[in-house]
file data-v3.tsv (TSV, C-alpha atoms)
chain	number	residue	atom	x	y	z
M	1	MET	CA	153.86	125.19	70.79
M	2	SER	CA	156.84	123.14	69.76
M	3	GLU	CA	157.10	120.27	67.34
M	4	SER	CA	156.44	116.73	68.52
M	5	SER	CA	159.90	116.33	70.06
M	6	GLY	CA	158.50	118.21	73.06
M	7	THR	CA	160.40	118.77	76.27
M	8	THR	CA	163.47	116.94	77.50
M	9	THR	CA	162.56	114.22	79.97
M	10	PRO	CA	165.11	114.00	82.79
M	11	ASP	CA	167.23	110.89	83.23
M	12	LEU	CA	165.15	108.60	85.44
M	13	THR	CA	167.30	105.48	85.13
M	14	GLY	CA	168.32	105.68	88.78
M	15	VAL	CA	164.75	105.83	90.07
M	16	LYS	CA	163.87	102.78	92.16
M	17	HIS	CA	160.33	101.46	91.68
M	18	HIS	CA	158.76	99.18	94.25
M	19	ASP	CA	155.51	98.56	96.10
M	20	VAL	CA	155.14	98.97	99.85
M	21	ASP	CA	152.57	97.77	102.35
M	22	ALA	CA	151.14	101.05	103.60
M	23	LEU	CA	149.12	99.89	106.61
M	24	GLY	CA	147.40	97.24	104.51
M	25	THR	CA	147.24	99.13	101.22
M	26	ARG	CA	149.63	98.48	98.35
M	27	ILE	CA	151.20	101.77	97.31
M	28	HIS	CA	153.65	102.06	94.45
M	29	VAL	CA	156.61	104.35	95.10
M	30	ALA	CA	159.30	105.79	92.87
M	31	GLU	CA	162.33	106.98	94.82
M	32	LEU	CA	165.69	108.55	94.21
M	33	GLY	CA	168.45	109.78	96.50
M	34	GLU	CA	169.32	109.58	100.18
M	35	GLY	CA	168.68	111.90	103.09
M	36	PRO	CA	165.59	113.40	104.73
M	37	LEU	CA	162.39	112.08	103.15
M	38	VAL	CA	160.43	114.32	100.77
M	39	LEU	CA	157.10	112.71	99.81
M	40	PHE	CA	155.40	113.86	96.59
M	41	VAL	CA	151.63	113.35	96.13
M	42	HIS	CA	150.06	113.85	92.69
M	43	GLY	CA	146.58	114.95	91.61
M	44	PHE	CA	144.05	114.15	88.87
M	45	PRO	CA	144.56	112.79	86.26
M	46	GLU	CA	148.23	112.13	86.93
M	47	SER	CA	150.71	109.69	88.51
M	48	TRP	CA	154.11	109.53	90.17
M	49	TYR	CA	155.47	110.50	86.74
M	50	SER	CA	154.13	114.03	87.17
M	51	TRP	CA	157.05	114.63	89.54
M	52	ARG	CA	159.69	113.42	87.04
M	53	HIS	CA	161.44	116.81	87.08
M	54	GLN	CA	161.41	117.18	90.85
M	55	LEU	CA	162.77	113.76	91.85
M	56	PRO	CA	166.27	114.27	90.36
M	57	ALA	CA	166.56	117.88	91.52
M	58	VAL	CA	165.52	117.16	95.11
M	59	ALA	CA	167.64	114.00	95.28
M	60	ALA	CA	170.69	115.89	94.01
M	61	ALA	CA	170.20	118.40	96.83
M	62	GLY	CA	170.63	115.65	99.43
M	63	TYR	CA	167.14	114.30	100.02
M	64	ARG	CA	165.34	111.00	99.64
M	65	ALA	CA	162.77	112.00	97.02
M	66	VAL	CA	159.75	109.69	96.84
M	67	ALA	CA	156.72	110.04	94.56
M	68	ILE	CA	153.74	107.74	94.99
M	69	ASP	CA	150.92	106.51	92.84
M	70	VAL	CA	147.94	107.57	94.95
M	71	ARG	CA	145.48	104.76	95.68
M	72	GLY	CA	143.30	104.19	92.63
M	73	TYR	CA	146.10	105.15	90.25
M	74	GLY	CA	148.91	103.38	88.45
M	75	ARG	CA	150.31	100.37	90.25
M	76	SER	CA	148.79	101.11	93.65
M	77	SER	CA	145.72	99.37	95.10
M	78	ALA	CA	142.39	100.42	93.62
M	79	PRO	CA	139.53	99.48	95.99
M	80	THR	CA	136.09	99.27	94.40
M	81	ALA	CA	134.10	101.00	97.17
M	82	VAL	CA	133.77	104.76	96.72
M	83	GLU	CA	134.10	105.39	100.46
M	84	ASP	CA	137.54	103.78	100.43
M	85	TYR	CA	138.82	106.97	98.79
M	86	ARG	CA	137.88	109.28	101.66
M	87	MET	CA	140.59	111.60	102.91
M	88	VAL	CA	141.42	109.70	106.09
M	89	ARG	CA	142.30	106.66	103.95
M	90	HIS	CA	144.74	108.72	101.90
M	91	VAL	CA	146.34	110.10	105.06
M	92	ALA	CA	146.73	106.54	106.34
M	93	ASP	CA	148.42	105.60	103.06
M	94	ASN	CA	150.93	108.41	103.49
M	95	VAL	CA	151.63	107.42	107.09
M	96	GLY	CA	152.06	103.83	105.95
M	97	VAL	CA	154.48	104.80	103.19
M	98	VAL	CA	156.68	106.73	105.62
M	99	ARG	CA	156.76	103.78	108.01
M	100	ALA	CA	157.32	101.21	105.26
M	101	LEU	CA	160.33	103.19	104.07
M	102	GLY	CA	161.80	103.01	107.56
M	103	GLU	CA	161.44	106.73	108.24
M	104	ASP	CA	159.97	108.62	111.18
M	105	SER	CA	159.01	111.82	109.39
M	106	ALA	CA	158.68	113.46	105.98
M	107	ILE	CA	158.33	116.78	104.24
M	108	ILE	CA	155.18	116.40	102.14
M	109	VAL	CA	154.50	118.06	98.78
M	110	GLY	CA	151.11	117.92	97.05
M	111	HIS	CA	149.73	119.12	93.70
M	112	ASP	CA	146.04	119.43	92.74
M	113	TRP	CA	144.15	116.78	94.80
M	114	GLY	CA	147.53	115.91	96.26
M	115	ALA	CA	147.51	119.31	97.99
M	116	PRO	CA	144.46	118.58	100.22
M	117	ILE	CA	145.83	115.08	100.83
M	118	ALA	CA	149.13	116.66	101.89
M	119	TRP	CA	147.62	119.31	104.15
M	120	SER	CA	145.25	116.78	105.73
M	121	SER	CA	148.27	114.58	106.44
M	122	ALA	CA	149.95	117.57	108.10
M	123	LEU	CA	146.84	118.33	110.16
M	124	LEU	CA	146.20	114.77	111.32
M	125	ARG	CA	149.80	113.65	111.86
M	126	PRO	CA	151.95	116.73	112.51
M	127	SER	CA	154.68	114.72	114.23
M	128	ILE	CA	155.22	112.76	111.00
M	129	PHE	CA	154.64	115.43	108.35
M	130	THR	CA	156.87	118.18	109.65
M	131	ALA	CA	156.73	120.58	106.68
M	132	LEU	CA	154.31	121.12	103.81
M	133	ALA	CA	154.50	122.44	100.24
M	134	LEU	CA	151.30	122.98	98.26
M	135	VAL	CA	151.23	123.35	94.48
M	136	SER	CA	148.24	124.77	92.59
M	137	VAL	CA	145.60	124.38	95.34
M	138	PRO	CA	145.96	126.76	98.31
M	139	TYR	CA	145.09	125.64	101.82
M	140	ASN	CA	141.44	126.23	102.56
M	141	ALA	CA	140.53	125.51	106.18
M	142	ARG	CA	137.36	123.51	106.77
M	143	SER	CA	134.33	125.73	107.26
M	144	ASP	CA	130.68	125.22	108.15
M	145	PHE	CA	129.76	125.34	104.44
M	146	LYS	CA	129.22	121.88	102.95
M	147	PRO	CA	131.43	121.34	99.88
M	148	SER	CA	128.65	120.07	97.63
M	149	ALA	CA	126.67	123.27	98.30
M	150	ALA	CA	129.72	125.41	97.52
M	151	PHE	CA	130.36	123.61	94.23
M	152	ARG	CA	126.71	124.00	93.28
M	153	MET	CA	127.07	127.75	93.68
M	154	MET	CA	130.29	127.84	91.66
M	155	GLY	CA	128.58	126.25	88.67
M	156	GLY	CA	126.01	128.97	88.20
M	157	ASP	CA	123.68	127.95	85.36
M	158	LYS	CA	126.00	125.04	84.56
M	159	GLU	CA	127.08	122.00	86.54
M	160	PHE	CA	130.50	122.54	88.12
M	161	TYR	CA	132.86	119.75	87.08
M	162	ILE	CA	133.11	118.33	90.61
M	163	GLU	CA	129.31	117.96	90.65
M	164	TYR	CA	129.53	116.33	87.23
M	165	PHE	CA	131.98	113.78	88.64
M	166	GLN	CA	129.75	112.69	91.53
M	167	LYS	CA	127.65	109.92	89.99
M	168	PRO	CA	129.75	106.76	89.51
M	169	GLY	CA	130.06	105.84	85.86
M	170	ARG	CA	128.83	109.12	84.42
M	171	ALA	CA	132.16	110.89	83.83
M	172	GLU	CA	133.87	107.57	83.10
M	173	ALA	CA	131.46	107.05	80.19
M	174	GLU	CA	132.62	110.33	78.64
M	175	MET	CA	136.33	109.84	79.29
M	176	GLU	CA	136.82	106.20	78.39
M	177	VAL	CA	135.22	106.30	74.93
M	178	ASN	CA	138.44	107.82	73.61
M	179	LEU	CA	140.70	108.15	76.62
M	180	PRO	CA	143.84	109.50	74.89
M	181	HIS	CA	141.78	112.22	73.18
M	182	TRP	CA	140.09	113.20	76.45
M	183	LEU	CA	143.35	113.25	78.42
M	184	LEU	CA	145.11	115.39	75.83
M	185	GLY	CA	142.24	117.88	75.86
M	186	MET	CA	142.26	118.00	79.66
M	187	TYR	CA	146.02	118.50	79.90
M	188	TYR	CA	146.14	121.15	77.19
M	189	ALA	CA	143.01	123.08	78.14
M	190	ALA	CA	144.10	123.47	81.78
M	191	SER	CA	147.64	124.52	80.89
M	192	GLY	CA	148.97	128.00	80.27
M	193	ASP	CA	149.42	127.04	76.61
M	194	GLY	CA	145.74	126.15	76.35
M	195	VAL	CA	144.63	129.39	77.99
M	196	ARG	CA	146.77	131.42	75.58
M	197	ALA	CA	145.57	129.44	72.56
M	198	ARG	CA	141.97	130.06	73.58
M	199	GLN	CA	142.63	133.77	74.00
M	200	ALA	CA	144.38	133.91	70.62
M	201	SER	CA	141.30	132.38	69.02
M	202	GLY	CA	139.20	135.24	70.36
M	203	ASP	CA	137.54	133.20	73.12
M	204	SER	CA	137.77	135.33	76.26
M	205	THR	CA	135.73	132.98	78.45
M	206	GLY	CA	138.76	131.01	79.59
M	207	GLY	CA	136.93	127.78	78.78
M	208	GLY	CA	135.63	127.14	82.25
M	209	PHE	CA	134.89	123.82	83.86
M	210	GLY	CA	131.13	123.94	83.97
M	211	VAL	CA	128.98	121.40	82.14
M	212	ALA	CA	125.89	122.63	80.30
M	213	PRO	CA	122.68	120.59	80.62
M	214	GLY	CA	123.04	117.54	78.41
M	215	GLY	CA	126.69	118.38	77.71
M	216	LYS	CA	130.07	116.96	78.58
M	217	LEU	CA	133.09	118.36	80.39
M	218	SER	CA	135.16	118.00	77.23
M	219	ASP	CA	132.90	120.53	75.50
M	220	ASN	CA	135.14	123.07	77.28
M	221	PHE	CA	138.40	121.61	76.03
M	222	ILE	CA	140.78	122.86	73.39
M	223	TRP	CA	143.32	120.57	71.71
M	224	PRO	CA	146.77	121.29	70.29
M	225	GLU	CA	147.33	121.09	66.58
M	226	PRO	CA	148.03	117.51	65.45
M	227	GLY	CA	151.71	116.64	65.70
M	228	HIS	CA	152.48	119.53	68.05
M	229	TRP	CA	153.25	119.26	71.75
M	230	PRO	CA	153.70	121.83	74.50
M	231	HIS	CA	157.26	122.40	75.66
M	232	TRP	CA	156.43	120.73	78.97
M	233	MET	CA	154.99	117.45	77.67
M	234	SER	CA	156.47	115.31	74.93
M	235	GLU	CA	154.64	112.60	73.05
M	236	ALA	CA	156.58	110.06	75.11
M	237	ASP	CA	155.47	111.74	78.36
M	238	PHE	CA	151.87	111.66	77.19
M	239	GLU	CA	152.17	107.99	76.33
M	240	VAL	CA	153.10	107.21	79.94
M	241	TYR	CA	149.82	108.69	81.15
M	242	THR	CA	147.66	107.13	78.43
M	243	GLN	CA	149.10	103.66	79.06
M	244	GLU	CA	148.48	103.91	82.80
M	245	PHE	CA	144.90	105.15	82.52
M	246	THR	CA	144.03	102.80	79.67
M	247	ARG	CA	145.05	99.97	81.97
M	248	THR	CA	143.40	101.22	85.18
M	249	GLY	CA	140.41	103.20	83.96
M	250	MET	CA	139.37	106.48	85.54
M	251	SER	CA	137.18	105.43	88.48
M	252	GLY	CA	140.00	105.34	91.04
M	253	GLY	CA	140.87	108.96	90.40
M	254	LEU	CA	137.26	110.13	90.19
M	255	ASN	CA	136.32	108.45	93.47
M	256	ARG	CA	138.39	111.06	95.32
M	257	TYR	CA	135.87	113.70	94.17
M	258	ARG	CA	132.99	111.54	95.36
M	259	ASN	CA	134.06	111.86	98.99
M	260	VAL	CA	134.09	115.64	99.44
M	261	ASP	CA	131.10	115.64	101.78
M	262	ARG	CA	132.32	112.57	103.68
M	263	ASP	CA	135.65	114.33	104.18
M	264	TRP	CA	133.85	117.41	105.46
M	265	GLU	CA	132.10	115.25	108.06
M	266	ASP	CA	135.23	113.26	108.95
M	267	MET	CA	137.31	116.40	109.44
M	268	ALA	CA	134.83	118.25	111.65
M	269	ALA	CA	137.29	118.30	114.56
M	270	PHE	CA	139.66	120.35	112.39
M	271	ASP	CA	137.18	123.09	111.52
M	272	SER	CA	139.06	126.40	110.99
M	273	ALA	CA	142.35	124.71	111.95
M	274	ALA	CA	145.59	126.40	110.94
M	275	ILE	CA	148.62	124.63	109.45
M	276	THR	CA	151.40	125.31	111.95
M	277	GLN	CA	154.28	123.52	110.20
M	278	PRO	CA	156.65	125.46	107.92
M	279	SER	CA	154.89	125.72	104.57
M	280	LEU	CA	155.20	126.85	100.97
M	281	PHE	CA	152.63	127.64	98.28
M	282	VAL	CA	153.34	127.82	94.54
M	283	GLY	CA	150.56	128.46	92.04
M	284	GLY	CA	150.17	129.37	88.38
M	285	GLU	CA	148.82	132.74	87.32
M	286	VAL	CA	146.21	131.19	84.99
M	287	ASP	CA	145.61	127.98	86.95
M	288	GLY	CA	141.91	127.57	87.81
M	289	PRO	CA	142.31	126.35	91.42
M	290	THR	CA	144.83	129.12	92.16
M	291	VAL	CA	142.56	131.78	90.66
M	292	TRP	CA	139.49	130.41	92.47
M	293	GLY	CA	141.55	130.21	95.67
M	294	ALA	CA	142.49	133.90	95.76
M	295	GLY	CA	140.46	134.36	98.95
M	296	SER	CA	142.25	131.46	100.63
M	297	ILE	CA	145.64	132.83	99.58
M	298	ALA	CA	144.73	136.19	101.12
M	299	LYS	CA	144.15	134.42	104.46
M	300	PHE	CA	147.52	132.64	104.62
M	301	ASP	CA	148.67	134.87	107.50
M	302	GLU	CA	145.93	133.26	109.59
M	303	THR	CA	145.70	129.77	108.12
M	304	MET	CA	149.42	129.11	107.48
M	305	PRO	CA	151.21	131.28	110.06
M	306	ASN	CA	154.61	129.66	109.37
M	307	LEU	CA	154.43	130.24	105.62
M	308	HIS	CA	157.88	130.49	104.06
M	309	LYS	CA	156.67	132.01	100.81
M	310	SER	CA	153.64	132.27	98.52
M	311	VAL	CA	154.58	132.38	94.84
M	312	ILE	CA	152.43	132.90	91.73
M	313	LEU	CA	154.26	132.04	88.50
M	314	ASP	CA	153.45	134.30	85.55
M	315	GLY	CA	151.63	132.67	82.65
M	316	ILE	CA	151.64	129.19	84.17
M	317	GLY	CA	148.56	126.98	84.15
M	318	HIS	CA	147.53	123.96	86.18
M	319	TRP	CA	150.43	121.54	85.62
M	320	VAL	CA	152.92	123.66	87.53
M	321	GLN	CA	155.55	120.99	88.21
M	322	GLN	CA	155.65	120.20	84.49
M	323	GLU	CA	155.02	123.61	82.90
M	324	ALA	CA	157.47	125.43	85.18
M	325	ALA	CA	159.73	122.64	86.41
M	326	ASP	CA	162.84	124.78	86.91
M	327	GLU	CA	160.95	127.53	88.73
M	328	LEU	CA	159.17	125.10	91.03
M	329	ASN	CA	162.39	123.22	91.72
M	330	ALA	CA	164.09	126.46	92.72
M	331	GLU	CA	161.28	127.33	95.14
M	332	LEU	CA	161.23	123.82	96.61
M	333	LEU	CA	165.00	123.77	97.14
M	334	ASP	CA	164.91	127.23	98.72
M	335	PHE	CA	162.16	126.03	101.08
M	336	LEU	CA	163.99	122.82	101.95
M	337	ALA	CA	167.19	124.72	102.63
M	338	ALA	CA	165.32	127.08	104.96
M	339	LEU	CA	164.13	124.11	107.02
call {"tool": "encode", "arguments": {"input": "data-v3.tsv", "output": "structure tokens"}}
result
Amino acid sequence: MSESSGTTTPDLTGVKHHDVDALGTRIHVAELGEGPLVLFVHGFPESWYSWRHQLPAVAAAGYRAVAIDVRGYGRSSAPTAVEDYRMVRHVADNVGVVRALGEDSAIIVGHDWGAPIAWSSALLRPSIFTALALVSVPYNARSDFKPSAAFRMMGGDKEFYIEYFQKPGRAEAEMEVNLPHWLLGMYYAASGDGVRARQASGDSTGGGFGVAPGGKLSDNFIWPEPGHWPHWMSEADFEVYTQEFTRTGMSGGLNRYRNVDRDWEDMAAFDSAAITQPSLFVGGEVDGPTVWGAGSIAKFDETMPNLHKSVILDGIGHWVQQEAADELNAELLDFLAAL
């Protein structure tokens, strides 16, 4: 851990912020550079700002780098109906962003929930999304096993966090009592720094993301020492996230989780489908979704037959594009050059 000065935030003064009409949905975009379009899609609980290190690097390499606030986040539209966050709506948003920017196609990059949104975009609209990079969450083709049943099994004698998120208002009640405290615990606990701090304390459980009966998700968290920040997130970076979520609340982000079974039904025609576009996967060695997805990674030869590379970064946790910005940028630029 470093002192509160934290990491160096890249110069973002040239980033253009504006809202676009994405087929009827207002989506906020942050863009930099000119050239072929590279569309970045964030996860939970994040924003366009999570790609702050990638936008300048990709733009400098000759691309039009665009990061969005996913619907429900930041300055984008936040519908109230849970079903408005189903996967097909997110794919439509991405299609609408590409069109609104005057482009015909894009290379799409997704982290965390952004990864399934990105691969679903590639599956549904392959003529638009011509290449795909996944960060943290490996491609897992739709199967005949209902997601809610799978998550129930993953929880064991606890309630897996995605189950815990299902009932509207329940997780919000935990998070929004002291949102900055909750966010800091979430960011730190899921990072490589948090995993190492837990191990150093003698806790070998890894924390986990199961909720005990009557408990809260944050019972699993670990927090940095007051006044200390990880090298990958400064106090100023953290303030960007806390201001956004204090303003918007957490329901928009959580509603994505509440559509897993609807998505499974909507995507039935794509059962067992392979991603045929050129693709890249980058995960962190101690990132939960990457560790849980080991079986999916082992099947990449079948599910992503045009895979450029699969990379696991040593010691890195969930926030790959922030914890290992230089390493991820190098892999992204190598992939883009190969296209």
call {"tool": "atom_distance", "arguments": {"input": "data-v3.tsv", "atom1": "atom CA of M:Trp292", "atom2": "atom CA of M:Tyr161"}}
result
13.7 Å
call {"tool": "closest_residue", "arguments": {"input": "data-v3.tsv", "among": "M:Ala131, M:Ile222, M:Val137, M:Met233", "to": "M:Gly185", "atoms": "all atoms listed in the file"}}
result
M:Ile222
call {"tool": "closest_residue", "arguments": {"input": "data-v3.tsv", "among": "M:Tyr49, M:Tyr85, M:Phe44, M:Phe300", "to": "M:Thr25", "atoms": "only C-alpha atoms"}}
result
M:Tyr85
call {"tool": "closest_residue", "arguments": {"input": "data-v3.tsv", "among": "M:His28, M:His111, M:His42, M:Lys16", "to": "M:Arg64", "atoms": "all atoms listed in the file"}}
result
M:Lys16
call {"tool": "atom_distance", "arguments": {"input": "data-v3.tsv", "atom1": "atom CA of M:Pro10", "atom2": "atom CA of M:His53"}}
result
6.3 Å
call {"tool": "residues_around", "arguments": {"input": "data-v3.tsv", "residues": "M:Leu217", "least_positions_apart": "6", "cutoff": "12 Å", "atoms": "only C-alpha atoms", "output": "ChimeraX atom specification"}}
result
/M:158-165,170-175,182-183,185-186,189,207-211
call {"tool": "build_atoms", "arguments": {"input": "data-v3.tsv", "residues": "stretch 168-179 of chain M", "atoms": "all heavy atoms", "output": "PDB file, in the coordinates of the input"}}
result
ATOM      1  N   PRO M 168     128.830 107.769  90.056  1.00  0.00           N
ATOM      2  CA  PRO M 168     129.750 106.760  89.510  1.00  0.00           C
ATOM      3  C   PRO M 168     129.332 106.314  88.109  1.00  0.00           C
ATOM      4  O   PRO M 168     128.150 106.033  87.850  1.00  0.00           O
ATOM      5  CB  PRO M 168     129.643 105.614  90.519  1.00  0.00           C
ATOM      6  CG  PRO M 168     129.293 106.289  91.809  1.00  0.00           C
ATOM      7  CD  PRO M 168     128.354 107.403  91.413  1.00  0.00           C
ATOM      8  N   GLY M 169     130.293 106.293  87.224  1.00  0.00           N
ATOM      9  CA  GLY M 169     130.060 105.840  85.860  1.00  0.00           C
ATOM     10  C   GLY M 169     129.748 106.930  84.875  1.00  0.00           C
ATOM     11  O   GLY M 169     129.957 106.757  83.667  1.00  0.00           O
ATOM     12  N   ARG M 170     129.257 108.065  85.345  1.00  0.00           N
ATOM     13  CA  ARG M 170     128.830 109.120  84.420  1.00  0.00           C
ATOM     14  C   ARG M 170     130.030 109.757  83.698  1.00  0.00           C
ATOM     15  O   ARG M 170     130.076 109.782  82.467  1.00  0.00           O
ATOM     16  CB  ARG M 170     128.046 110.182  85.171  1.00  0.00           C
ATOM     17  CG  ARG M 170     127.515 111.296  84.286  1.00  0.00           C
ATOM     18  CD  ARG M 170     126.872 112.385  85.134  1.00  0.00           C
ATOM     19  NE  ARG M 170     126.348 113.464  84.306  1.00  0.00           N
ATOM     20  CZ  ARG M 170     125.986 114.638  84.788  1.00  0.00           C
ATOM     21  NH1 ARG M 170     126.075 114.887  86.091  1.00  0.00           N
ATOM     22  NH2 ARG M 170     125.520 115.585  83.990  1.00  0.00           N
ATOM     23  N   ALA M 171     130.984 110.275  84.460  1.00  0.00           N
ATOM     24  CA  ALA M 171     132.160 110.890  83.830  1.00  0.00           C
ATOM     25  C   ALA M 171     133.019 109.835  83.140  1.00  0.00           C
ATOM     26  O   ALA M 171     133.604 110.105  82.083  1.00  0.00           O
ATOM     27  CB  ALA M 171     132.970 111.644  84.878  1.00  0.00           C
ATOM     28  N   GLU M 172     133.101 108.631  83.733  1.00  0.00           N
ATOM     29  CA  GLU M 172     133.870 107.570  83.100  1.00  0.00           C
ATOM     30  C   GLU M 172     133.363 107.301  81.679  1.00  0.00           C
ATOM     31  O   GLU M 172     134.156 107.037  80.773  1.00  0.00           O
ATOM     32  CB  GLU M 172     133.778 106.269  83.918  1.00  0.00           C
ATOM     33  CG  GLU M 172     134.526 106.303  85.241  1.00  0.00           C
ATOM     34  CD  GLU M 172     133.660 106.725  86.416  1.00  0.00           C
ATOM     35  OE1 GLU M 172     132.746 107.556  86.205  1.00  0.00           O
ATOM     36  OE2 GLU M 172     133.906 106.239  87.523  1.00  0.00           O
ATOM     37  N   ALA M 173     132.042 107.340  81.500  1.00  0.00           N
ATOM     38  CA  ALA M 173     131.460 107.050  80.190  1.00  0.00           C
ATOM     39  C   ALA M 173     131.927 108.063  79.151  1.00  0.00           C
ATOM     40  O   ALA M 173     132.125 107.718  77.978  1.00  0.00           O
ATOM     41  CB  ALA M 173     129.934 107.061  80.293  1.00  0.00           C
ATOM     42  N   GLU M 174     132.100 109.319  79.568  1.00  0.00           N
ATOM     43  CA  GLU M 174     132.620 110.330  78.640  1.00  0.00           C
ATOM     44  C   GLU M 174     134.104 110.104  78.358  1.00  0.00           C
ATOM     45  O   GLU M 174     134.542 110.108  77.208  1.00  0.00           O
ATOM     46  CB  GLU M 174     132.439 111.734  79.224  1.00  0.00           C
ATOM     47  CG  GLU M 174     133.150 112.799  78.401  1.00  0.00           C
ATOM     48  CD  GLU M 174     133.216 114.173  79.069  1.00  0.00           C
ATOM     49  OE1 GLU M 174     132.457 114.408  80.036  1.00  0.00           O
ATOM     50  OE2 GLU M 174     134.022 115.009  78.619  1.00  0.00           O
ATOM     51  N   MET M 175     134.876 109.883  79.415  1.00  0.00           N
ATOM     52  CA  MET M 175     136.330 109.840  79.290  1.00  0.00           C
ATOM     53  C   MET M 175     136.824 108.611  78.551  1.00  0.00           C
ATOM     54  O   MET M 175     137.759 108.685  77.739  1.00  0.00           O
ATOM     55  CB  MET M 175     136.960 109.875  80.686  1.00  0.00           C
ATOM     56  CG  MET M 175     136.654 111.127  81.467  1.00  0.00           C
ATOM     57  SD  MET M 175     137.244 110.979  83.188  1.00  0.00           S
ATOM     58  CE  MET M 175     136.653 112.519  83.880  1.00  0.00           C
ATOM     59  N   GLU M 176     136.239 107.464  78.827  1.00  0.00           N
ATOM     60  CA  GLU M 176     136.820 106.200  78.390  1.00  0.00           C
ATOM     61  C   GLU M 176     136.406 105.795  76.975  1.00  0.00           C
ATOM     62  O   GLU M 176     136.890 104.792  76.451  1.00  0.00           O
ATOM     63  CB  GLU M 176     136.489 105.109  79.404  1.00  0.00           C
ATOM     64  CG  GLU M 176     137.182 105.367  80.750  1.00  0.00           C
ATOM     65  CD  GLU M 176     136.791 104.398  81.862  1.00  0.00           C
ATOM     66  OE1 GLU M 176     136.017 103.460  81.569  1.00  0.00           O
ATOM     67  OE2 GLU M 176     137.250 104.583  83.001  1.00  0.00           O
ATOM     68  N   VAL M 177     135.543 106.577  76.331  1.00  0.00           N
ATOM     69  CA  VAL M 177     135.220 106.300  74.930  1.00  0.00           C
ATOM     70  C   VAL M 177     136.449 106.479  74.057  1.00  0.00           C
ATOM     71  O   VAL M 177     136.749 105.658  73.178  1.00  0.00           O
ATOM     72  CB  VAL M 177     134.077 107.231  74.450  1.00  0.00           C
ATOM     73  CG1 VAL M 177     133.926 107.168  72.935  1.00  0.00           C
ATOM     74  CG2 VAL M 177     132.766 106.847  75.124  1.00  0.00           C
ATOM     75  N   ASN M 178     137.175 107.565  74.310  1.00  0.00           N
ATOM     76  CA  ASN M 178     138.440 107.820  73.610  1.00  0.00           C
ATOM     77  C   ASN M 178     139.369 108.472  74.624  1.00  0.00           C
ATOM     78  O   ASN M 178     139.521 109.690  74.655  1.00  0.00           O
ATOM     79  CB  ASN M 178     138.232 108.722  72.394  1.00  0.00           C
ATOM     80  CG  ASN M 178     139.494 108.869  71.551  1.00  0.00           C
ATOM     81  OD1 ASN M 178     140.609 108.603  72.013  1.00  0.00           O
ATOM     82  ND2 ASN M 178     139.328 109.303  70.312  1.00  0.00           N
ATOM     83  N   LEU M 179     139.947 107.647  75.471  1.00  0.00           N
ATOM     84  CA  LEU M 179     140.700 108.150  76.620  1.00  0.00           C
ATOM     85  C   LEU M 179     141.894 109.018  76.225  1.00  0.00           C
ATOM     86  O   LEU M 179     142.086 110.099  76.802  1.00  0.00           O
ATOM     87  CB  LEU M 179     141.125 106.997  77.508  1.00  0.00           C
ATOM     88  CG  LEU M 179     141.733 107.360  78.860  1.00  0.00           C
ATOM     89  CD1 LEU M 179     140.844 108.315  79.636  1.00  0.00           C
ATOM     90  CD2 LEU M 179     141.980 106.108  79.678  1.00  0.00           C
TER      91      LEU M 179
END
